[in-house]
Amino acid sequence: MVIEYPITENEDDEDKTYLNLTYCFSDYSDKELPIVLRAFEYAFSGNPAAPLRKALLDAGIGDEVYASSDCSIKQNLFGFYAKGANAKDKDEFLRIIEEELKRTIEEGFDKKTLLAFLVREEFKYREADFGRIPKGLAYGLDLLESWLYDDSLALFHIECLESYRILKEAVESDYFEKLLKKYFIENNHSIFCMAVPRKGLTNKKENELAASLKEKKDSLSDAKIDKIIEDTKALKEYQKAPDNPENLEKIKLLKVSDIKKETKKDKNSLYDIKGVEFLKQDIFTSGIAYLTLIFNVNHLSLEHIRFLPMLANMLGRMDTKELTYGDLSNEIKLYSGGMNMSFNNCRNIKTRKINSYFEINIKFLYENKKKVFELLSDILFDSILDDKEKIKEYLSELKSQGESMLVSSPHTVALTRATSYYDEMFKMNDISMGIDAVRFISELEKDSDNSVDRIISEFKMLVPMIFRKENLFINLTSPKENQDILDDELSDFIDKLYTNEIKKDNFEVKVNKGNEGFIFPGQVQYVALSGEYYSKGLKYSGAFNVLRTIMAYDYLWNNVRVEGGAYGCFANFPMSGICSIVSYRDPHINNTLRIYRELQEYVDNFDCSDRQMNQFIIGAISDIDLPQTASIEGKSNCVYYMTGVKEEDRQKVRDEILNCTREDIRTLSENIKAAFSIEHICVVGAEAKINDNKDLFDEVLNLVE
């Protein structure tokens with residue numbers, strides 16, 4: 001099966017084909033099979049040393065290879081994917097997969113790899129941390145995977161401890177190999193699909209649609225056309241008409257007086273360990289330690305900082321002096337719930353100082369603390385950073401993932417870029433995780449033979465400049481009775497940090513003013529407008545939280561989504577004094593910008609019923625009072641500390657939300673006017689739409705080069 005997907009006229013179609021081989025088998029009634037398939041995912045592609053992944057990449061098939069399973073439907077699916085391939089790779093892709101499947105059946109899976117995956121999965125199951133998704137919703141979705149098809153199996157995928165016990169014991173047998181043979185080698189129920197790029201496909205489809213609509217219109221009588229026009233007018237009037245107050249009154253609501261008046265108490269306690277700030281939060285964690293090590297990098301130049309996201313991605317995926325990268329991945333899964341590294345930025349809301357930092361997040365059971373710190377030290381101090389082939393491989397993978405991110409989250413990309421035109425922290429965000437970051441990696445990847453030496457040089461220089469005692473800040477989320485358990489390991493770790501003399505650079509970021517339009521192969525737009533009022537001497541108020549809710553359920557909802565036809569539209573008014581709006585899957589550009597420009601007038605004349613005001617206030621509080629897992633609550637407390645937000649600041653905001661009046665909302669019009677007095681615009685959209693509105697932009701570029 002071959003399908004086509006659109007790329008822009010200026011894009012190169014080389015290395016843009018997607019290859020996929022998917023198997024379908026069994027059904028919802030095999031309790032252990034979903035876990036087994038996820039273990040296959042890890043064994044074939046999730047582990048950096050996975051043989052199938054390595055074989056495909058070594059053969060030059062794709063720049064990103066992965067496996068994925070889906071057990072949410074009646075029959076299970078398992079697919080192998082290669083992204084960034086070419087059509088000519090089809091036969092070799094299929095041959096390598098078949099050979100690797102047969103080799104695995106004959107020689108067996110690496111048992112430590114399977115066990116490592118199962119231990120990590122059981123940890124995640126016991127932890128039950130679904131991030132911002134409520135547990136009830138997450139469990140409800142799990143229930144439906146079997147409950148939809150058999151009422152007696154409603155709890156099938158909820159009660160899994162026995163399944164993990166069975167599978168861990170089965171690792172020592174040929175259980176997994178037999179299933180691999182049954183569901184893959186002996187199964188003819190599979191499909192190969194290839195998605196190939198085609199220039200001009202978007203315009204072709206638009207022209208075909210226009211021709212089809214014209215043909216349809218030409219076939220209609222004048223009376224039928226008049227009827228369609230009348231129905232369209234009636235629809236628009238219906239969309240604009242307010243709901244019947246009598247019907248609205250039938251819906252029961254909370255009252256503002258029902259809402260708790262006090263903000264969450266500050267659980268931060270600041271200590272010192274060997275001269276390093278150590279923030280602790282007394283939060284119940286079910287026996288898990290959530291540890292964050294934060295290394296300030298403000299002493300690095302921007303040229304060096306550009307390499308930090310890459311370093312964060314590659315550390316932990318390279319061989320060390322003691323372990324191969326495959327063994328290292330297994331050890332991390334066996335002894336922790338995760339060890340993740342990232343590069344981030346934050347701003348103190350009072351001093352407005354921007355801090356950039358290299359962050360390491362680890363979660364583990366206290367019984368494994370010694371092993372966890374051994375692995376961490378091995379990664380930070382003994383990683384082999386000059387493996388050219390692995391760096392080339394990861395560089396290609398990062399480029400692929402970055403381009404996928406640009407296309408899958410263009411609203412976030414556009415909003416970050418628009419704010420980066422005037423704000424230094426968002427410029428840093430763009431450099432580390434936005435358009436700028438992807439372009440930097442793409443440039444390195446294009447000339448990888450020469451770039452690799454530069455990357456190795458940067459890594460070797462950065463490691464001893466980052467991992468130093470004077471840069472370190474520690475955050476621990478754990479019940480008070482467990483908070484001293486890690487002191488010995490932390491002390492030893494601090495003693496291992498680099499102490500050699502280094503040259504410190506000036507941290508300086510320059511914003512690039514100028515609006516941009518980015519062309520991507522889609523038929524919709526993502527329209528971002530951003531601005532600030534803090535430089536004009538205006539202050540933040542908790543009423544902005546209420547205004548954000550009003551935007552979501554009234555002004556932007558009705559104008560951009562209901563009448564404008566966009567799939568969504570979001571506004572954000574954080575404590576930093578930034579105002580930003582972005583639409584999602586939007587058929588328009590100019591009409592949407594007109595609505596944004598009329599926001600100040602809407603706010604200046606804002607009015608609503610007491611009932612509506614009550615709803616807006618409760619909606620604003622619901623965003624603040626979201627249920628939090630232990631890890632998220634601990635992370636939030638750490639962010640409050642780093643950004644200078646104290647308990648009294650949060651209480652002030654809460655009071656301003658709960659006591660918000662219509663006049664308080666109208667007062668914000670001055671802030672809105674000041675923020676958007678200079679329009680910082682970024683649009684990601686279809687080529688024709690961008691070019692039709694090119695006068696809006698200082699520059700028009702391809703989103704993916």
# chains A, B, ... in the order shown; residues from 1 in each chain; ligands from 1
call {"tool": "residues_around", "arguments": {"residues": "A:Arg347", "least_positions_apart": "5", "cutoff": "12 Å", "atoms": "only C-alpha atoms", "output": "list in words"}}
result
Arg352, Lys353, Ile354, Asn355, Ser356, Tyr357, Asp423, Glu424, Met425, Phe426, Met428, Asn429, Pro574, Met575, Ser576, Gly577, Val639, Tyr640, Tyr641, Met642, Thr643, Gly644 and Val645 of chain A
call {"tool": "select_by_dssp", "arguments": {"residues": "stretch 482-577 of chain A", "states": "strand (DSSP E or B)", "output": "PyMOL selection string"}}
result
chain A and resi 498+516-519+525-532+568-572
call {"tool": "atom_distance", "arguments": {"atom1": "atom CA of A:Lys250", "atom2": "atom CA of A:Asp625"}}
result
25.8 Å
call {"tool": "residues_around", "arguments": {"residues": "A:Asn572", "least_positions_apart": "3", "cutoff": "12 Å", "atoms": "only C-alpha atoms", "output": "JSON, numbers by chain"}}
result
{"A": [412, 415, 416, 419, 528, 529, 530, 531, 532, 544, 545, 546, 547, 548, 549, 550, 551, 552, 556, 569, 575, 576, 577, 578, 579, 580, 581, 582, 583, 672]}
call {"tool": "select_by_dssp", "arguments": {"residues": "stretch 221-397 of chain A", "states": "alpha helix (DSSP H)", "output": "number ranges by chain"}}
result
A: 222-240, 245-249, 302-305, 308-314, 325-335, 369-382, 388-397
call {"tool": "atom_distance", "arguments": {"atom1": "atom CA of A:Tyr183", "atom2": "atom CA of A:Tyr66"}}
result
18.4 Å
call {"tool": "residues_around", "arguments": {"residues": "A:Tyr584", "least_positions_apart": "3", "cutoff": "8 Å", "atoms": "only C-alpha atoms", "output": "list in words"}}
result
His411, Gln525, Tyr526, Val527, Ala566, Tyr567, Gly568 and Cys569 of chain A
call {"tool": "write_last_selection", "arguments": {"atoms": "C-alpha atoms", "output": "compact mmCIF listing (two decimals), in the first residue's frame"}}
result
# COMPACT_ATOMS: atom_id res chain seq x y z
CA HIS A 411 0.86 26.35 17.57
CA GLN A 525 -2.94 28.08 9.93
CA TYR A 526 -1.59 28.66 13.42
CA VAL A 527 -1.71 32.40 14.10
CA ALA A 566 -10.67 27.29 13.86
CA TYR A 567 -10.31 24.09 15.84
CA GLY A 568 -9.16 26.04 18.90
CA CYS A 569 -7.65 29.24 20.24
call {"tool": "atom_distance", "arguments": {"atom1": "atom CA of A:Asp488", "atom2": "atom CA of A:Arg468"}}
result
17.9 Å
call {"tool": "residues_around", "arguments": {"residues": "stretch 659-662 of chain A", "least_positions_apart": "4", "cutoff": "12 Å", "atoms": "only C-alpha atoms", "output": "VMD selection string"}}
result
chain A and resid 256 to 257 259 261 541 to 547 550 603 to 618 620 to 621 652 to 655 666 to 669
call {"tool": "residues_around", "arguments": {"residues": "A:Met341", "least_positions_apart": "3", "cutoff": "9 Å", "atoms": "only C-alpha atoms", "output": "list of chain:residue names"}}
result
A:Pro309, A:Leu311, A:Ala312, A:Asn313, A:Leu315, A:Gly316, A:Phe358, A:Glu359, A:Ile360, A:Asn361, A:Ile362
call {"tool": "closest_residue", "arguments": {"among": "A:Leu141, A:Ala289, A:Cys24, A:Cys160", "to": "A:Asn187", "atoms": "only C-alpha atoms"}}
result
A:Cys24
call {"tool": "residues_around", "arguments": {"residues": "stretch 35-39 of chain A", "least_positions_apart": "3", "cutoff": "12 Å", "atoms": "only C-alpha atoms", "output": "PyMOL selection string"}}
result
chain A and resi 23-26+30-32+42-47+50+66-71+76-80+109-122+125+157+160-168+170-171+175-180+183-184
